[in-house]
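The structure file query12.cif is reproduced below (mmCIF, C-alpha atoms, pLDDT in the B column; chains and numbers go by the auth columns).
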data_model
loop_
_atom_site.group_PDB
_atom_site.id
_atom_site.type_symbol
_atom_site.label_atom_id
_atom_site.label_comp_id
_atom_site.label_asym_id
_atom_site.label_seq_id
_atom_site.Cartn_x
_atom_site.Cartn_y
_atom_site.Cartn_z
_atom_site.B_iso_or_equiv
_atom_site.auth_seq_id
_atom_site.auth_asym_id
ATOM 1 C CA MET A 1 106.987 131.711 95.347 77.00 1406 A
ATOM 2 C CA SER A 2 105.567 129.127 92.967 87.00 1407 A
ATOM 3 C CA PRO A 3 101.766 128.859 92.678 95.00 1408 A
ATOM 4 C CA PRO A 4 99.993 126.374 94.967 95.00 1409 A
ATOM 5 C CA LEU A 5 99.392 122.865 93.616 97.00 1410 A
ATOM 6 C CA PHE A 6 96.038 121.082 93.712 97.00 1411 A
ATOM 7 C CA TRP A 7 95.079 117.573 92.609 97.00 1412 A
ATOM 8 C CA ALA A 8 92.509 116.581 89.993 96.00 1413 A
ATOM 9 C CA ASP A 9 91.626 113.258 88.377 95.00 1414 A
ATOM 10 C CA SER A 10 92.904 114.590 85.042 94.00 1415 A
ATOM 11 C CA VAL A 11 94.124 117.844 83.518 95.00 1416 A
ATOM 12 C CA PRO A 12 92.982 119.080 80.079 94.00 1417 A
ATOM 13 C CA ALA A 13 95.043 120.588 77.271 95.00 1418 A
ATOM 14 C CA PRO A 14 95.980 124.285 77.142 96.00 1419 A
ATOM 15 C CA GLY A 15 93.046 126.544 76.260 95.00 1420 A
ATOM 16 C CA ALA A 16 90.484 124.394 78.045 96.00 1421 A
ATOM 17 C CA ASP A 17 88.727 125.180 81.315 96.00 1422 A
ATOM 18 C CA LEU A 18 89.139 123.042 84.412 95.00 1423 A
ATOM 19 C CA THR A 19 86.670 122.833 87.301 96.00 1424 A
ATOM 20 C CA LEU A 20 88.255 122.274 90.694 96.00 1425 A
ATOM 21 C CA GLY A 21 85.765 121.085 93.282 95.00 1426 A
ATOM 22 C CA GLY A 22 85.432 118.884 96.343 95.00 1427 A
ATOM 23 C CA PRO A 23 88.071 119.071 99.103 94.00 1428 A
ATOM 24 C CA GLU A 24 90.652 120.535 96.716 95.00 1429 A
ATOM 25 C CA GLY A 25 88.262 123.255 95.554 95.00 1430 A
ATOM 26 C CA ARG A 26 87.265 124.010 99.129 95.00 1431 A
ATOM 27 C CA HIS A 27 90.893 124.386 100.144 94.00 1432 A
ATOM 28 C CA ALA A 28 91.593 126.680 97.187 95.00 1433 A
ATOM 29 C CA VAL A 29 88.573 128.923 97.725 95.00 1434 A
ATOM 30 C CA THR A 30 87.924 128.857 101.470 95.00 1435 A
ATOM 31 C CA VAL A 31 91.351 128.174 102.987 94.00 1436 A
ATOM 32 C CA ALA A 32 93.782 129.674 100.475 92.00 1437 A
ATOM 33 C CA ARG A 33 91.240 132.373 99.526 95.00 1438 A
ATOM 34 C CA LEU A 34 92.293 132.416 95.904 95.00 1439 A
ATOM 35 C CA GLY A 35 90.665 134.983 93.639 95.00 1440 A
ATOM 36 C CA VAL A 36 90.018 135.545 89.959 96.00 1441 A
ATOM 37 C CA GLY A 37 93.214 136.153 88.017 95.00 1442 A
ATOM 38 C CA GLU A 38 95.501 134.233 90.377 96.00 1443 A
ATOM 39 C CA ARG A 39 97.720 131.413 89.127 97.00 1444 A
ATOM 40 C CA ILE A 40 97.478 127.846 90.389 97.00 1445 A
ATOM 41 C CA LEU A 41 98.982 124.507 89.450 97.00 1446 A
ATOM 42 C CA VAL A 42 96.706 121.505 88.955 97.00 1447 A
ATOM 43 C CA GLY A 43 98.208 118.037 88.694 97.00 1448 A
ATOM 44 C CA ASP A 44 96.977 114.488 88.300 97.00 1449 A
ATOM 45 C CA GLY A 45 99.618 112.992 90.608 97.00 1450 A
ATOM 46 C CA ALA A 46 101.038 110.988 87.701 97.00 1451 A
ATOM 47 C CA GLY A 47 103.444 113.481 86.152 97.00 1452 A
ATOM 48 C CA SER A 48 101.105 115.957 84.409 97.00 1453 A
ATOM 49 C CA VAL A 49 100.808 119.492 85.802 97.00 1454 A
ATOM 50 C CA ALA A 50 98.777 122.350 84.329 97.00 1455 A
ATOM 51 C CA ASN A 51 99.646 125.990 84.902 97.00 1456 A
ATOM 52 C CA CYS A 52 96.247 127.654 85.258 97.00 1457 A
ATOM 53 C CA GLU A 53 94.620 131.022 85.856 97.00 1458 A
ATOM 54 C CA VAL A 54 91.521 131.232 88.049 97.00 1459 A
ATOM 55 C CA ARG A 55 88.673 132.470 85.863 96.00 1460 A
ATOM 56 C CA GLU A 56 85.648 132.183 88.152 95.00 1461 A
ATOM 57 C CA ILE A 57 84.800 131.427 91.793 96.00 1462 A
ATOM 58 C CA VAL A 58 81.597 129.400 91.577 95.00 1463 A
ATOM 59 C CA SER A 59 81.013 128.647 95.260 94.00 1464 A
ATOM 60 C CA LYS A 60 82.862 128.180 98.537 95.00 1465 A
ATOM 61 C CA ASP A 61 84.237 124.854 97.276 94.00 1466 A
ATOM 62 C CA THR A 62 84.377 125.234 93.489 96.00 1467 A
ATOM 63 C CA LEU A 63 86.364 127.329 91.049 95.00 1468 A
ATOM 64 C CA VAL A 64 86.924 127.335 87.301 96.00 1469 A
ATOM 65 C CA ALA A 65 90.427 127.869 85.924 97.00 1470 A
ATOM 66 C CA SER A 66 91.779 128.226 82.391 97.00 1471 A
ATOM 67 C CA VAL A 67 94.720 126.015 81.476 97.00 1472 A
ATOM 68 C CA ARG A 68 97.608 128.107 80.142 97.00 1473 A
ATOM 69 C CA GLU A 69 100.321 125.462 79.906 97.00 1474 A
ATOM 70 C CA LEU A 70 100.548 121.704 80.411 97.00 1475 A
ATOM 71 C CA THR A 71 103.789 119.930 81.239 96.00 1476 A
ATOM 72 C CA PHE A 72 104.722 116.322 81.928 97.00 1477 A
ATOM 73 C CA ARG A 73 107.710 115.225 83.968 94.00 1478 A
ATOM 74 C CA ALA A 74 108.856 111.617 83.879 93.00 1479 A
ATOM 75 C CA ARG A 75 109.773 109.856 87.083 92.00 1480 A
ATOM 76 C CA GLN A 76 113.294 110.429 88.339 91.00 1481 A
ATOM 77 C CA THR A 77 115.877 107.717 87.843 93.00 1482 A
ATOM 78 C CA PRO A 78 116.996 105.636 89.522 96.00 1483 A
ATOM 79 C CA GLN A 79 113.656 105.085 91.199 96.00 1484 A
ATOM 80 C CA VAL A 80 113.769 104.742 94.973 98.00 1485 A
ATOM 81 C CA THR A 81 111.531 102.517 97.077 98.00 1486 A
ATOM 82 C CA VAL A 82 111.442 103.065 100.831 98.00 1487 A
ATOM 83 C CA VAL A 83 110.593 100.020 102.922 98.00 1488 A
ATOM 84 C CA GLN A 84 109.599 101.733 106.153 98.00 1489 A
ATOM 85 C CA ALA A 85 109.141 99.697 109.320 97.00 1490 A
ATOM 86 C CA LEU A 86 106.113 101.043 111.178 96.00 1491 A
ATOM 87 C CA PRO A 87 107.122 103.902 113.489 94.00 1492 A
ATOM 88 C CA LYS A 88 105.287 104.706 116.694 89.00 1493 A
ATOM 89 C CA SER A 89 101.889 106.265 116.014 81.00 1494 A
ATOM 90 C CA ASP A 90 102.951 109.836 116.837 79.00 1495 A
ATOM 91 C CA ARG A 91 105.691 109.739 114.179 87.00 1496 A
ATOM 92 C CA SER A 92 104.117 107.387 111.665 90.00 1497 A
ATOM 93 C CA GLU A 93 102.794 109.903 109.164 95.00 1498 A
ATOM 94 C CA LEU A 94 105.844 112.146 109.673 96.00 1499 A
ATOM 95 C CA ALA A 95 108.017 109.402 108.171 96.00 1500 A
ATOM 96 C CA VAL A 96 105.812 109.354 105.065 97.00 1501 A
ATOM 97 C CA ASP A 97 105.729 113.152 104.860 97.00 1502 A
ATOM 98 C CA LEU A 98 109.521 113.479 104.969 97.00 1503 A
ATOM 99 C CA ALA A 99 110.172 110.598 102.564 97.00 1504 A
ATOM 100 C CA THR A 100 107.690 112.063 100.085 98.00 1505 A
ATOM 101 C CA GLU A 101 109.186 115.551 100.229 97.00 1506 A
ATOM 102 C CA ALA A 102 112.652 114.033 99.726 97.00 1507 A
ATOM 103 C CA GLY A 103 111.511 112.197 96.584 96.00 1508 A
ATOM 104 C CA ALA A 104 110.535 108.601 97.400 98.00 1509 A
ATOM 105 C CA ASP A 105 108.785 106.920 94.470 98.00 1510 A
ATOM 106 C CA THR A 106 107.238 104.044 96.439 98.00 1511 A
ATOM 107 C CA ILE A 107 106.706 103.633 100.172 98.00 1512 A
ATOM 108 C CA VAL A 108 106.170 100.180 101.643 98.00 1513 A
ATOM 109 C CA PRO A 109 104.814 100.012 105.221 98.00 1514 A
ATOM 110 C CA TRP A 110 106.497 97.032 106.890 97.00 1515 A
ATOM 111 C CA GLN A 111 105.512 95.140 110.022 96.00 1516 A
ATOM 112 C CA ALA A 112 109.085 94.420 111.138 95.00 1517 A
ATOM 113 C CA MET A 113 109.970 92.210 114.062 94.00 1518 A
ATOM 114 C CA ARG A 114 110.723 94.978 116.561 93.00 1519 A
ATOM 115 C CA CYS A 115 107.943 97.387 115.606 92.00 1520 A
ATOM 116 C CA VAL A 116 106.168 98.801 118.632 90.00 1521 A
ATOM 117 C CA ALA A 117 103.257 99.798 116.416 89.00 1522 A
ATOM 118 C CA ARG A 118 100.992 96.968 115.311 91.00 1523 A
ATOM 119 C CA TRP A 119 98.516 97.290 112.472 93.00 1524 A
ATOM 120 C CA SER A 120 96.832 93.942 113.084 84.00 1525 A
ATOM 121 C CA GLY A 121 93.163 94.317 112.213 86.00 1526 A
ATOM 122 C CA LYS A 122 93.568 97.968 111.178 90.00 1527 A
ATOM 123 C CA ALA A 123 95.995 97.810 108.260 94.00 1528 A
ATOM 124 C CA ASP A 124 93.513 99.407 105.845 95.00 1529 A
ATOM 125 C CA LYS A 125 93.140 102.428 108.110 95.00 1530 A
ATOM 126 C CA GLY A 126 96.894 102.779 108.511 95.00 1531 A
ATOM 127 C CA VAL A 127 97.546 102.535 104.776 97.00 1532 A
ATOM 128 C CA ALA A 128 94.809 105.104 104.074 97.00 1533 A
ATOM 129 C CA LYS A 129 96.469 107.550 106.483 96.00 1534 A
ATOM 130 C CA TRP A 130 99.857 107.021 104.846 97.00 1535 A
ATOM 131 C CA ARG A 131 98.380 107.577 101.380 98.00 1536 A
ATOM 132 C CA ALA A 132 96.708 110.787 102.519 97.00 1537 A
ATOM 133 C CA ALA A 133 99.993 111.953 104.061 97.00 1538 A
ATOM 134 C CA ALA A 134 101.865 111.186 100.829 98.00 1539 A
ATOM 135 C CA SER A 135 99.312 113.095 98.756 97.00 1540 A
ATOM 136 C CA ALA A 136 99.465 116.141 101.051 97.00 1541 A
ATOM 137 C CA ALA A 137 103.279 116.131 101.166 97.00 1542 A
ATOM 138 C CA ALA A 138 103.576 115.810 97.388 97.00 1543 A
ATOM 139 C CA LYS A 139 101.230 118.759 96.981 96.00 1544 A
ATOM 140 C CA GLN A 140 103.134 120.854 99.523 94.00 1545 A
ATOM 141 C CA SER A 141 106.480 120.134 97.830 95.00 1546 A
ATOM 142 C CA ARG A 142 105.059 120.745 94.306 95.00 1547 A
ATOM 143 C CA ARG A 143 105.819 117.187 93.215 95.00 1548 A
ATOM 144 C CA PRO A 144 104.142 116.099 89.953 96.00 1549 A
ATOM 145 C CA TRP A 145 104.095 112.488 91.181 97.00 1550 A
ATOM 146 C CA ILE A 146 102.355 111.183 94.288 98.00 1551 A
ATOM 147 C CA PRO A 147 104.419 108.247 95.570 98.00 1552 A
ATOM 148 C CA GLU A 148 102.702 104.887 95.639 98.00 1553 A
ATOM 149 C CA VAL A 149 101.990 103.626 99.158 98.00 1554 A
ATOM 150 C CA THR A 150 101.560 99.870 99.036 98.00 1555 A
ATOM 151 C CA ASP A 151 99.514 97.643 101.286 97.00 1556 A
ATOM 152 C CA LEU A 152 101.098 96.555 104.574 97.00 1557 A
ATOM 153 C CA ALA A 153 104.025 94.225 103.871 97.00 1558 A
ATOM 154 C CA THR A 154 105.167 91.228 105.845 96.00 1559 A
ATOM 155 C CA THR A 155 108.824 90.274 106.049 96.00 1560 A
ATOM 156 C CA THR A 156 108.138 87.639 103.402 96.00 1561 A
ATOM 157 C CA ASP A 157 106.820 90.383 101.110 97.00 1562 A
ATOM 158 C CA VAL A 158 109.905 92.526 101.747 98.00 1563 A
ATOM 159 C CA ARG A 159 112.224 89.595 101.046 97.00 1564 A
ATOM 160 C CA ALA A 160 110.509 88.945 97.717 97.00 1565 A
ATOM 161 C CA ARG A 161 110.635 92.624 96.679 97.00 1566 A
ATOM 162 C CA CYS A 162 114.313 92.931 97.577 97.00 1567 A
ATOM 163 C CA ALA A 163 115.212 89.687 95.792 97.00 1568 A
ATOM 164 C CA ASP A 164 113.464 90.883 92.616 97.00 1569 A
ATOM 165 C CA VAL A 165 115.296 94.224 92.673 97.00 1570 A
ATOM 166 C CA VAL A 166 118.686 92.564 93.186 97.00 1571 A
ATOM 167 C CA ALA A 167 117.960 90.081 90.391 97.00 1572 A
ATOM 168 C CA ALA A 168 117.152 92.988 88.053 96.00 1573 A
ATOM 169 C CA GLY A 169 120.464 94.693 88.809 96.00 1574 A
ATOM 170 C CA GLY A 170 119.168 97.138 91.407 97.00 1575 A
ATOM 171 C CA VAL A 171 120.614 98.000 94.808 98.00 1576 A
ATOM 172 C CA VAL A 172 119.078 97.221 98.185 98.00 1577 A
ATOM 173 C CA ALA A 173 120.509 99.216 101.097 98.00 1578 A
ATOM 174 C CA VAL A 174 119.642 98.136 104.629 97.00 1579 A
ATOM 175 C CA LEU A 175 120.269 101.127 106.892 96.00 1580 A
ATOM 176 C CA HIS A 176 121.892 99.832 110.062 92.00 1581 A
ATOM 177 C CA GLU A 177 123.749 101.836 112.688 87.00 1582 A
ATOM 178 C CA GLU A 178 126.252 99.024 113.306 87.00 1583 A
ATOM 179 C CA ALA A 179 127.179 98.580 109.644 89.00 1584 A
ATOM 180 C CA ALA A 180 130.731 99.389 108.564 90.00 1585 A
ATOM 181 C CA ARG A 181 130.109 100.268 104.923 94.00 1586 A
ATOM 182 C CA PRO A 182 128.872 103.790 104.068 95.00 1587 A
ATOM 183 C CA LEU A 183 125.945 104.310 101.716 95.00 1588 A
ATOM 184 C CA ALA A 184 128.208 106.296 99.356 94.00 1589 A
ATOM 185 C CA ASP A 185 130.254 103.130 98.627 95.00 1590 A
ATOM 186 C CA LEU A 186 127.357 101.429 96.854 96.00 1591 A
ATOM 187 C CA PRO A 187 127.040 101.524 93.029 95.00 1592 A
ATOM 188 C CA LEU A 188 123.989 103.763 93.216 95.00 1593 A
ATOM 189 C CA ALA A 189 124.530 105.759 90.021 91.00 1594 A
ATOM 190 C CA ASP A 190 124.317 102.646 87.836 90.00 1595 A
ATOM 191 C CA ALA A 191 121.270 101.135 89.523 95.00 1596 A
ATOM 192 C CA GLY A 192 117.896 101.026 87.818 92.00 1597 A
ATOM 193 C CA GLU A 193 116.157 100.927 91.183 97.00 1598 A
ATOM 194 C CA ILE A 194 117.236 101.478 94.760 98.00 1599 A
ATOM 195 C CA VAL A 195 115.480 100.052 97.803 98.00 1600 A
ATOM 196 C CA LEU A 196 116.064 101.579 101.232 98.00 1601 A
ATOM 197 C CA VAL A 197 115.145 99.349 104.145 98.00 1602 A
ATOM 198 C CA ILE A 198 114.469 101.359 107.317 97.00 1603 A
ATOM 199 C CA GLY A 199 114.064 99.695 110.694 95.00 1604 A
ATOM 200 C CA PRO A 200 111.758 100.727 113.564 94.00 1605 A
ATOM 201 C CA GLU A 201 112.680 102.634 116.740 90.00 1606 A
ATOM 202 C CA GLY A 202 114.054 99.456 118.276 85.00 1607 A
ATOM 203 C CA GLY A 203 116.258 98.812 115.260 90.00 1608 A
ATOM 204 C CA LEU A 204 116.355 95.929 112.851 94.00 1609 A
ATOM 205 C CA ASP A 205 116.689 92.465 114.306 93.00 1610 A
ATOM 206 C CA ASP A 206 119.992 90.757 113.467 94.00 1611 A
ATOM 207 C CA SER A 207 118.078 87.952 111.768 95.00 1612 A
ATOM 208 C CA GLU A 208 116.351 90.464 109.451 96.00 1613 A
ATOM 209 C CA VAL A 209 119.679 92.034 108.469 96.00 1614 A
ATOM 210 C CA ALA A 210 121.244 88.615 107.877 96.00 1615 A
ATOM 211 C CA ASP A 211 118.243 87.443 105.873 96.00 1616 A
ATOM 212 C CA LEU A 212 118.260 90.449 103.538 97.00 1617 A
ATOM 213 C CA THR A 213 122.023 90.536 103.041 96.00 1618 A
ATOM 214 C CA ALA A 214 121.918 86.840 102.141 97.00 1619 A
ATOM 215 C CA LEU A 215 119.621 87.853 99.285 97.00 1620 A
ATOM 216 C CA GLY A 216 122.156 90.406 98.007 97.00 1621 A
ATOM 217 C CA ALA A 217 121.250 93.493 100.037 97.00 1622 A
ATOM 218 C CA HIS A 218 123.974 95.685 101.538 97.00 1623 A
ATOM 219 C CA SER A 219 124.069 96.672 105.194 97.00 1624 A
ATOM 220 C CA VAL A 220 125.162 100.316 105.269 96.00 1625 A
ATOM 221 C CA VAL A 221 125.469 103.283 107.596 93.00 1626 A
ATOM 222 C CA LEU A 222 124.465 106.844 106.678 89.00 1627 A
ATOM 223 C CA GLY A 223 126.841 108.715 108.951 84.00 1628 A
ATOM 224 C CA PRO A 224 128.099 109.099 112.522 86.00 1629 A
ATOM 225 C CA GLU A 225 124.709 110.105 113.940 85.00 1630 A
ATOM 226 C CA VAL A 226 121.976 107.632 114.841 83.00 1631 A
ATOM 227 C CA LEU A 227 118.836 108.882 113.103 88.00 1632 A
ATOM 228 C CA ARG A 228 115.266 108.376 114.183 91.00 1633 A
ATOM 229 C CA THR A 229 113.330 106.054 111.939 93.00 1634 A
ATOM 230 C CA ALA A 230 111.057 108.860 110.712 94.00 1635 A
ATOM 231 C CA ALA A 231 114.014 110.890 109.404 95.00 1636 A
ATOM 232 C CA ALA A 232 116.279 108.154 108.048 95.00 1637 A
ATOM 233 C CA ALA A 233 114.672 107.758 104.622 96.00 1638 A
ATOM 234 C CA ALA A 234 114.680 111.515 103.952 96.00 1639 A
ATOM 235 C CA VAL A 235 118.377 111.806 104.832 96.00 1640 A
ATOM 236 C CA ALA A 236 119.233 108.799 102.660 96.00 1641 A
ATOM 237 C CA LEU A 237 117.187 110.184 99.764 97.00 1642 A
ATOM 238 C CA GLY A 238 119.101 113.463 100.014 96.00 1643 A
ATOM 239 C CA ALA A 239 122.384 111.567 99.775 95.00 1644 A
ATOM 240 C CA ILE A 240 121.088 109.563 96.805 97.00 1645 A
ATOM 241 C CA GLY A 241 120.025 112.780 95.097 95.00 1646 A
ATOM 242 C CA VAL A 242 123.642 113.963 95.182 94.00 1647 A
ATOM 243 C CA LEU A 243 125.254 110.603 94.419 94.00 1648 A
ATOM 244 C CA THR A 244 123.085 109.882 91.367 95.00 1649 A
ATOM 245 C CA SER A 245 121.487 111.916 88.569 92.00 1650 A
ATOM 246 C CA ARG A 246 118.183 112.354 90.441 93.00 1651 A
ATOM 247 C CA TRP A 247 118.900 115.970 91.373 89.00 1652 A
ATOM 248 C CA SER A 248 120.622 116.944 88.138 78.00 1653 A
ATOM 249 C CA ARG A 249 117.372 117.656 86.255 62.00 1654 A
#
How would this structure read if it were set down as structure tokens?
Amino acid sequence: MSPPLFWADSVPAPGADLTLGGPEGRHAVTVARLGVGERILVGDGAGSVANCEVREIVSKDTLVASVRELTFRARQTPQVTVVQALPKSDRSELAVDLATEAGADTIVPWQAMRCVARWSGKADKGVAKWRAAASAAAKQSRRPWIPEVTDLATTTDVRARCADVVAAGGVVAVLHEEAARPLADLPLADAGEIVLVIGPEGGLDDSEVADLTALGAHSVVLGPEVLRTAAAAAVALGAIGVLTSRWSR
């Protein structure tokens, strides 16, 4: 099994020592019970990951590790943005967790028309939870990049983002159970960026689908099963991984 990954603000060059403290250090020392001589990975969440050896346990929440190797991995291409309509509260962070593990580069929380969940007056708290979930999922899946979680988006914001991506030659796929065209039919391999628009439990409103397709988005279906909103992005990202070069490196 690969060594556990922890986050730091920055990672030094090989030969240098790195001090891991705070919540990450506490998890390494107290929860994972790492000892001197064990290997760990330390990343900055922006592509750089250091392969380290624990040199000293300083306290219950601090350790010192020596950097043995430093690598950088560029973002995968095409980049994938997930516009995720707010799920119900009990599945909200699960959607972020699964999308992160499947490789989403950006996650946009969206207050869609039929969302049961409402973040009015508490958007900052909701975004903070999603960012924490993305960080934890990236660490668990050994991802060198933590996906960006944007501020809460309105439908106007989503329209503007999708229009910009289409104008730049990207692909916007609106996942809709009543669509006739499969995701695999889209020119995904040649796209510089892909946007996946995921509706809430109640589904996308017809006016939202019509609005986005008028801007150049494609209404598509993933397969014969109707997926829950929390799982849809992860399944679509898996398909994109096979249909493009994202999983070839």
TODO: Quick one: apply the PyMOL selection byres ((chain A and resi 1624) around 9) to the file and drop the selected residues here as a VMD selection string.
DONE: chain A and resid 1577 to 1581 1583 to 1588 1614 to 1615 1617 to 1618 1622 to 1623 1625 to 1626
Check what the PyMOL selection byres ((chain A and resi 1485) around 6) selects in the file above and give those residues as a PDB file with C-alpha atoms, in the frame of the given file.
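File produced: out.pdb:
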ATOM      1  CA  GLN A1484     113.656 105.085  91.199  1.00 96.00           C
ATOM      2  CA  THR A1486     111.531 102.517  97.077  1.00 98.00           C
ATOM      3  CA  ALA A1509     110.535 108.601  97.400  1.00 98.00           C
ATOM      4  CA  ASP A1510     108.785 106.920  94.470  1.00 98.00           C
ATOM      5  CA  GLU A1598     116.157 100.927  91.183  1.00 97.00           C
ATOM      6  CA  ILE A1599     117.236 101.478  94.760  1.00 98.00           C
ATOM      7  CA  VAL A1600     115.480 100.052  97.803  1.00 98.00           C
TER       8      VAL A1600
END
- [ ] For stretch 1453-1465 of chain A, please output as a ChimeraX atom specification all residues within 9 Å (counting all atoms listed in the file; exclusion window: fewer than 5 positions along the same chain).
- [x] /A:1408,1410,1415-1419,1422-1423,1430-1431,1433-1435,1439-1448,1470-1479,1549-1550
When the PyMOL selection byres ((chain A and resi 1429) around 9) is applied to the file above, which residues end up in the set, as a compact mmCIF listing (two decimals) with C-alpha atoms, in the coordinates of the input?
# COMPACT_ATOMS: atom_id res chain seq x y z
CA PHE A 1411 96.04 121.08 93.71
CA TRP A 1412 95.08 117.57 92.61
CA ALA A 1413 92.51 116.58 89.99
CA LEU A 1425 88.26 122.27 90.69
CA GLY A 1426 85.76 121.08 93.28
CA GLY A 1427 85.43 118.88 96.34
CA PRO A 1428 88.07 119.07 99.10
CA GLY A 1430 88.26 123.26 95.55
CA ARG A 1431 87.26 124.01 99.13
CA HIS A 1432 90.89 124.39 100.14
CA ALA A 1433 91.59 126.68 97.19
CA VAL A 1434 88.57 128.92 97.72
CA ASP A 1466 84.24 124.85 97.28
CA THR A 1467 84.38 125.23 93.49
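Here atom CA of A:Pro1592 stands at a distance of 27.4 Å from atom CA of A:Thr1559.
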Using 5 Å of padding on each side, determine the axis-aligned box around all atoms of stretch 1410-1417 of chain A present in the file and give its centre and edge lengths in Å to one decimal, as AutoDock Vina command-line options.
--center_x 95.5 --center_y 118.1 --center_z 86.9 --size_x 17.8 --size_y 19.6 --size_z 23.6
Open item on the list: Taking 5 positions as the minimum chain separation for residues in the same chain, which residues sit within 7 Å of stretch 1516-1528 of chain A when counting all atoms listed in the file? Answer as a PyMOL selection string.
Closed with: chain A and resi 1490-1494+1557-1560+1605+1607-1610
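Minimum atom-to-atom distances from A:Gln1489, A:Gly1575, A:Ile1645, A:Gly1621 to A:Asp1556 were compared using all atoms listed in the file, and the lowest value belongs to A:Gln1489.
What separates atom CA of A:Asp1562 from atom CA of A:Pro1483 is a distance of 21.7 Å.
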Task: Residues within 6 Å of A:Ile1551, all atoms listed in the file, excluding chain neighbours under 5 positions, as JSON, numbers by chain - done: {"A": [1450, 1540, 1543]}
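Shortest separation to A:Arg1633 among A:Ala1437, A:Val1576, A:Val1570, A:Leu1499 occurs at residue A:Leu1499, atoms counted being only C-alpha atoms.
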Task: Top pick for closest residue to A:Glu1582, considering A:Ser1612, A:Leu1632, A:Ala1542, A:Gly1597 and counting only C-alpha atoms - done: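 Of all the options, A:Leu1632 lies closest to A:Glu1582.
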TODO: Can you work out the spacing between atom CA of A:Asp1529 and atom CA of A:Arg1480 in Å, to one decimal?
DONE: 26.9 Å
